[in-house]
Amino acid sequence: MSTPEDLSVDIVIVGAGPTGLFAGYYAGFRGLTMAIVDSLPETGGQVTAMYPEKMIYDVGGFPAIRGRDLVKGLFEQVAPWKPTYLLGRKAEGLSQVDDGVELTLDGGQRVRAGAVLVTAGIGEFTPRPLPAGDGWLGRGMVHFVPALDAHRGQHVVVVGGGDSAFDWALALHPIASSVTLVHRRARFRAAESIVREARDLGITIITDAEVIELRENTGGALAEVELEIKGGQREVLPAQSVVAALGFTADLGPIENWGLEIDHRSIAVDSTMATARERVYAAGDVAAYPGKVKLIATGFGEAATAVNNIAVLLNPDAHLFPGHSSNVE
């Protein structure tokens with residue numbers, strides 16, 4: 001859909017990860033118009049940004065599903081309801097209006113809605129920088145790998161020692177000319193099983209080493225990286241791509257100033273998923289209550305609970321129970 005300067009919808013969903021996309025489906029199912037806002041430039045949230053190629057094993061109905069395939073399915077599920085996507089946009093201010101709320105985005109665009117559903121996951125996350133990679137982002141260095149094929153036939157250097165670094169190394173190994181994982185310590189944060197799998201596959205792992213320089217060829221493209229290994233030894237590796245998987249920092253950004261009850265980057269909710277502020281709800285990893293278990297599957301249920309309660313808020317004559325979707329033609 002088009003994205004006019006100012007917009008009026010029944011519900012605005014802040015966060016386009018799996019929980020937000022499923023909430024969009026449920027909003028459409030309940031006959032509500034919606035806008036979905038996310039600071040990332042594409043849908044899928046953490047799944048798209050951090051592990052699109054990783055297999056997920058705890059989504060009901062799928063013995064295993066690749067991250068990007070789950071996002072694709074959720075995107076297609078909500079598509080018939082024609083949500084307005086406001087991607088690459090940050091939700092900043094929130095104010096009450098007579099018949100609802102008004103969300104202000106960066107740049108000043110306003111979205112008026114009957115209610116807000118926050119499905120922001122862990123919030124805005126910022127990758128930790130690779131000091132030697134200053135100026136190389138998008139020129140051969142990436143923090144995440146949305147499309148594996150972009151690295152087919154390349155010499156790839158993955159920097160990091162956590163699960164994400166090993167996930168990328170394992171995913172790229174079958175298609176890259178070579179994959180080398182570089183970590184500044186001898187011990188890894190990643191699970192022992194995934195480290196063992198990488199070693200068994202013959203992926204080169206260099207520890208106690210840091211990338212100190214990225215170098216270009218005569219055409220200006222990334223060609224190699226130089227490492228400094230503990231003890232002062234230097235080593236140069238061919239590299240058309242560097243994946244800087246050094247972790248990230250996360251915070252809720254402006255949402256923390258919306259008058260919600262927040263503890264450790266989570267928003268307190270009640271059994272209806274309502275927050276401490278009128279007409280503001282939360283679901284998914286960002287929502288907190290006693291006994292909460294942070295799973296994608298949990299987020300799906302919370303999204304349905306939140307939207308059904310919002311439907312009654314917006315129309316007191318509506319039923320809380322939406323009926324079974326299998327009865328809808």
# chains A, B, ... in the order shown; residues from 1 in each chain; ligands from 1
$ residues_around --residues "Pro127 of chain A" --least-positions-apart "4" --cutoff "9 Å" --atoms "only C-alpha atoms" --output "short mmCIF file (atom, residue, chain, number, x, y, z; two decimals) with N, CA and C atoms, in the first residue's frame"
data_model
loop_
_atom_site.label_atom_id
_atom_site.label_comp_id
_atom_site.auth_asym_id
_atom_site.auth_seq_id
_atom_site.Cartn_x
_atom_site.Cartn_y
_atom_site.Cartn_z
N HIS A 143 27.20 -7.17 8.82
CA HIS A 143 27.00 -7.71 10.15
C HIS A 143 26.10 -8.93 10.12
N ALA A 244 31.09 -9.42 10.23
CA ALA A 244 31.45 -8.99 11.58
C ALA A 244 30.32 -9.37 12.53
N ALA A 245 30.39 -10.58 13.08
CA ALA A 245 29.34 -11.10 13.96
C ALA A 245 29.80 -10.96 15.40
N LEU A 246 29.85 -9.74 15.87
CA LEU A 246 30.42 -9.44 17.18
C LEU A 246 29.37 -9.17 18.25
N GLY A 247 28.14 -9.53 17.96
CA GLY A 247 27.07 -9.26 18.90
C GLY A 247 26.48 -7.88 18.68
N PHE A 248 25.62 -7.46 19.59
CA PHE A 248 24.91 -6.21 19.41
C PHE A 248 24.47 -5.68 20.76
N THR A 249 24.15 -4.41 20.77
CA THR A 249 23.51 -3.80 21.94
C THR A 249 22.06 -3.52 21.57
N ALA A 250 21.19 -3.53 22.55
CA ALA A 250 19.77 -3.33 22.27
C ALA A 250 19.12 -2.46 23.34
#
$ closest_atom_pairs --of "segment 113-211 of chain A" --to "segment 279-285 of chain A" --cutoff "9 Å" --atoms "only C-alpha atoms" --output "tab-separated table"
residue	atom	partner	partner_atom	distance
A:Gly114	CA	A:Arg279	CA	7.2
A:Ala115	CA	A:Arg279	CA	4.8
A:Val116	CA	A:Val280	CA	4.8
A:Leu117	CA	A:Tyr281	CA	4.7
A:Val118	CA	A:Ala282	CA	4.5
A:Thr119	CA	A:Ala283	CA	5.3
A:Ala120	CA	A:Asp285	CA	7.5
A:Gly121	CA	A:Asp285	CA	4.7
A:Ile122	CA	A:Asp285	CA	6.5
$ residues_around --residues "Glu226 of chain A" --least-positions-apart "3" --cutoff "7 Å" --atoms "only C-alpha atoms" --output "PyMOL selection string"
chain A and resi 211-214+234-237
$ write_last_selection --atoms "all heavy atoms" --output "short mmCIF file (atom, residue, chain, number, x, y, z; two decimals), in the first residue's frame"
data_model
loop_
_atom_site.label_atom_id
_atom_site.label_comp_id
_atom_site.auth_asym_id
_atom_site.auth_seq_id
_atom_site.Cartn_x
_atom_site.Cartn_y
_atom_site.Cartn_z
N VAL A 211 41.39 -8.92 13.51
CA VAL A 211 41.50 -8.28 12.20
C VAL A 211 41.97 -6.85 12.42
O VAL A 211 41.33 -6.08 13.14
CB VAL A 211 40.15 -8.29 11.46
CG1 VAL A 211 40.24 -7.49 10.17
CG2 VAL A 211 39.70 -9.72 11.18
N ILE A 212 43.09 -6.50 11.82
CA ILE A 212 43.63 -5.15 12.03
C ILE A 212 43.52 -4.27 10.79
O ILE A 212 43.66 -3.05 10.88
CB ILE A 212 45.10 -5.20 12.51
CG1 ILE A 212 45.99 -5.92 11.47
CG2 ILE A 212 45.20 -5.87 13.87
CD1 ILE A 212 47.47 -5.82 11.79
N GLU A 213 43.25 -4.88 9.62
CA GLU A 213 43.12 -4.05 8.42
C GLU A 213 42.34 -4.80 7.35
O GLU A 213 42.51 -6.00 7.17
CB GLU A 213 44.50 -3.67 7.87
CG GLU A 213 44.43 -2.68 6.71
CD GLU A 213 45.80 -2.27 6.18
OE1 GLU A 213 46.82 -2.79 6.69
OE2 GLU A 213 45.84 -1.46 5.24
N LEU A 214 41.46 -4.07 6.65
CA LEU A 214 40.81 -4.56 5.45
C LEU A 214 41.41 -3.82 4.27
O LEU A 214 41.58 -2.59 4.33
CB LEU A 214 39.29 -4.31 5.50
CG LEU A 214 38.45 -5.28 6.33
CD1 LEU A 214 38.74 -5.15 7.82
CD2 LEU A 214 36.96 -5.06 6.06
N ARG A 234 51.78 -11.77 12.08
CA ARG A 234 50.80 -11.23 11.13
C ARG A 234 50.46 -12.29 10.09
O ARG A 234 51.31 -13.10 9.70
CB ARG A 234 51.35 -9.98 10.42
CG ARG A 234 51.74 -8.83 11.35
CD ARG A 234 50.52 -8.17 11.98
NE ARG A 234 50.88 -7.06 12.85
CZ ARG A 234 50.90 -5.79 12.47
NH1 ARG A 234 50.61 -5.46 11.22
NH2 ARG A 234 51.22 -4.85 13.34
N GLU A 235 49.21 -12.25 9.63
CA GLU A 235 48.78 -13.17 8.58
C GLU A 235 47.79 -12.45 7.68
O GLU A 235 46.93 -11.70 8.18
CB GLU A 235 48.13 -14.42 9.18
CG GLU A 235 47.73 -15.46 8.14
CD GLU A 235 47.27 -16.78 8.74
OE1 GLU A 235 47.49 -16.99 9.95
OE2 GLU A 235 46.70 -17.60 7.99
N VAL A 236 47.89 -12.65 6.39
CA VAL A 236 47.00 -12.03 5.42
C VAL A 236 46.13 -13.11 4.78
O VAL A 236 46.63 -14.14 4.33
CB VAL A 236 47.78 -11.26 4.33
CG1 VAL A 236 46.82 -10.70 3.28
CG2 VAL A 236 48.59 -10.13 4.97
N LEU A 237 44.82 -12.86 4.76
CA LEU A 237 43.86 -13.80 4.19
C LEU A 237 43.15 -13.17 3.01
O LEU A 237 42.80 -11.99 3.06
CB LEU A 237 42.81 -14.20 5.23
CG LEU A 237 43.29 -14.81 6.54
CD1 LEU A 237 42.08 -15.01 7.47
CD2 LEU A 237 43.97 -16.15 6.29
#
$ atom_distance --atom1 "atom CA of Gly161 of chain A" --atom2 "atom CA of Ile206 of chain A"
10.4 Å
$ closest_residue --among "A:Pro41, A:Asn308, A:Ser164, A:Leu260" --to "Gly323 of chain A" --atoms "only C-alpha atoms"
A:Asn308
$ closest_residue --among "A:Gly100, A:Gly108, A:Tyr85, A:Ala147" --to "Pro52 of chain A" --atoms "only C-alpha atoms"
A:Ala147
$ closest_residue --among "A:Ala186, A:Ala171, A:Ala276, A:Ala27" --to "Pro322 of chain A" --atoms "only C-alpha atoms"
A:Ala27
$ closest_residue --among "A:Met50, A:Ala223, A:Leu86, A:Ala297" --to "Gln109 of chain A" --atoms "only C-alpha atoms"
A:Leu86
$ select_by_dssp --residues "segment 196-293 of chain A" --states "alpha helix (DSSP H)" --output "list in words"
Arg196, Glu197, Ala198, Arg199 and Asp200 of chain A
$ atom_distance --atom1 "atom CA of Gln240 of chain A" --atom2 "atom CA of Thr48 of chain A"
22.5 Å
$ closest_residue --among "A:Glu278, A:Ser177, A:Arg265, A:Val293" --to "Ile310 of chain A" --atoms "only C-alpha atoms"
A:Glu278
$ closest_residue --among "A:Ile36, A:Val97, A:Ala306, A:Ala49" --to "Pro83 of chain A" --atoms "only C-alpha atoms"
A:Ile36
$ decode --residues "segment 127-221 of chain A" --atoms "C-alpha atoms" --output "mmCIF file, in the first residue's frame"
data_model
loop_
_atom_site.group_PDB
_atom_site.id
_atom_site.type_symbol
_atom_site.label_atom_id
_atom_site.label_comp_id
_atom_site.auth_asym_id
_atom_site.auth_seq_id
_atom_site.Cartn_x
_atom_site.Cartn_y
_atom_site.Cartn_z
ATOM 1 C CA PRO A 127 25.714 -4.308 15.928
ATOM 2 C CA ARG A 128 28.988 -3.945 17.784
ATOM 3 C CA PRO A 129 31.530 -2.441 15.403
ATOM 4 C CA LEU A 130 34.680 -4.034 14.028
ATOM 5 C CA PRO A 131 37.273 -1.270 14.562
ATOM 6 C CA ALA A 132 39.281 -2.226 11.491
ATOM 7 C CA GLY A 133 36.082 -2.211 9.417
ATOM 8 C CA ASP A 134 35.396 1.503 9.760
ATOM 9 C CA GLY A 135 34.177 2.713 6.368
ATOM 10 C CA TRP A 136 33.736 -0.799 4.954
ATOM 11 C CA LEU A 137 30.103 -1.469 5.869
ATOM 12 C CA GLY A 138 28.279 -2.222 2.618
ATOM 13 C CA ARG A 139 31.587 -2.327 0.730
ATOM 14 C CA GLY A 140 32.492 -5.910 1.559
ATOM 15 C CA MET A 141 31.732 -5.974 5.274
ATOM 16 C CA VAL A 142 28.348 -6.954 6.696
ATOM 17 C CA HIS A 143 26.997 -7.707 10.154
ATOM 18 C CA PHE A 144 24.265 -10.094 8.978
ATOM 19 C CA VAL A 145 23.758 -12.245 5.876
ATOM 20 C CA PRO A 146 20.213 -11.806 4.525
ATOM 21 C CA ALA A 147 21.042 -13.710 1.307
ATOM 22 C CA LEU A 148 23.634 -16.477 1.265
ATOM 23 C CA ASP A 149 23.919 -16.435 -2.527
ATOM 24 C CA ALA A 150 25.464 -12.968 -2.377
ATOM 25 C CA HIS A 151 28.588 -14.689 -1.030
ATOM 26 C CA ARG A 152 28.687 -17.635 -3.415
ATOM 27 C CA GLY A 153 32.214 -18.341 -4.626
ATOM 28 C CA GLN A 154 33.763 -15.751 -2.312
ATOM 29 C CA HIS A 155 36.520 -16.040 0.253
ATOM 30 C CA VAL A 156 34.694 -15.122 3.461
ATOM 31 C CA VAL A 157 36.137 -14.177 6.842
ATOM 32 C CA VAL A 158 33.722 -14.396 9.776
ATOM 33 C CA VAL A 159 34.767 -12.443 12.874
ATOM 34 C CA GLY A 160 33.347 -13.474 16.237
ATOM 35 C CA GLY A 161 33.062 -16.329 18.693
ATOM 36 C CA GLY A 162 29.357 -16.593 19.477
ATOM 37 C CA ASP A 163 26.553 -18.729 18.088
ATOM 38 C CA SER A 164 25.774 -16.232 15.308
ATOM 39 C CA ALA A 165 29.358 -16.252 14.034
ATOM 40 C CA PHE A 166 29.367 -20.047 13.846
ATOM 41 C CA ASP A 167 25.860 -20.092 12.317
ATOM 42 C CA TRP A 168 27.059 -17.857 9.475
ATOM 43 C CA ALA A 169 30.237 -19.885 9.009
ATOM 44 C CA LEU A 170 28.274 -23.137 8.785
ATOM 45 C CA ALA A 171 25.660 -21.653 6.438
ATOM 46 C CA LEU A 172 28.294 -20.164 4.092
ATOM 47 C CA HIS A 173 30.619 -23.159 4.078
ATOM 48 C CA PRO A 174 28.785 -25.104 1.322
ATOM 49 C CA ILE A 175 28.716 -22.189 -1.145
ATOM 50 C CA ALA A 176 31.766 -20.007 -0.448
ATOM 51 C CA SER A 177 35.207 -20.672 -1.898
ATOM 52 C CA SER A 178 36.521 -20.614 1.660
ATOM 53 C CA VAL A 179 35.309 -19.678 5.126
ATOM 54 C CA THR A 180 37.661 -18.675 7.915
ATOM 55 C CA LEU A 181 36.431 -17.847 11.393
ATOM 56 C CA VAL A 182 38.579 -15.432 13.402
ATOM 57 C CA HIS A 183 38.156 -14.906 17.150
ATOM 58 C CA ARG A 184 40.203 -12.770 19.454
ATOM 59 C CA ARG A 185 40.108 -15.297 22.283
ATOM 60 C CA ALA A 186 40.918 -18.994 22.601
ATOM 61 C CA ARG A 187 37.528 -19.802 24.123
ATOM 62 C CA PHE A 188 34.177 -19.377 22.402
ATOM 63 C CA ARG A 189 30.799 -18.138 23.615
ATOM 64 C CA ALA A 190 29.130 -20.466 21.118
ATOM 65 C CA ALA A 191 27.729 -23.827 22.154
ATOM 66 C CA GLU A 192 30.320 -26.590 22.164
ATOM 67 C CA SER A 193 28.258 -28.660 19.723
ATOM 68 C CA ILE A 194 28.247 -25.975 17.043
ATOM 69 C CA VAL A 195 31.989 -25.387 17.456
ATOM 70 C CA ARG A 196 32.571 -29.122 17.058
ATOM 71 C CA GLU A 197 30.418 -29.190 13.918
ATOM 72 C CA ALA A 198 32.458 -26.393 12.349
ATOM 73 C CA ARG A 199 35.722 -28.158 13.145
ATOM 74 C CA ASP A 200 34.410 -31.472 11.784
ATOM 75 C CA LEU A 201 33.515 -29.763 8.499
ATOM 76 C CA GLY A 202 37.068 -28.453 8.182
ATOM 77 C CA ILE A 203 36.215 -24.770 8.579
ATOM 78 C CA THR A 204 39.428 -22.892 9.345
ATOM 79 C CA ILE A 205 39.301 -21.394 12.832
ATOM 80 C CA ILE A 206 41.951 -18.910 13.950
ATOM 81 C CA THR A 207 41.918 -17.934 17.635
ATOM 82 C CA ASP A 208 43.807 -15.361 19.699
ATOM 83 C CA ALA A 209 43.730 -13.141 16.615
ATOM 84 C CA GLU A 210 42.250 -9.815 15.582
ATOM 85 C CA VAL A 211 41.497 -8.276 12.199
ATOM 86 C CA ILE A 212 43.631 -5.151 12.027
ATOM 87 C CA GLU A 213 43.120 -4.049 8.422
ATOM 88 C CA LEU A 214 40.805 -4.563 5.449
ATOM 89 C CA ARG A 215 42.426 -3.931 2.079
ATOM 90 C CA GLU A 216 41.011 -3.197 -1.349
ATOM 91 C CA ASN A 217 42.141 -4.179 -4.818
ATOM 92 C CA THR A 218 42.838 -1.738 -7.627
ATOM 93 C CA GLY A 219 39.115 -1.567 -8.372
ATOM 94 C CA GLY A 220 38.278 -0.522 -4.829
ATOM 95 C CA ALA A 221 36.666 -3.810 -3.810
#
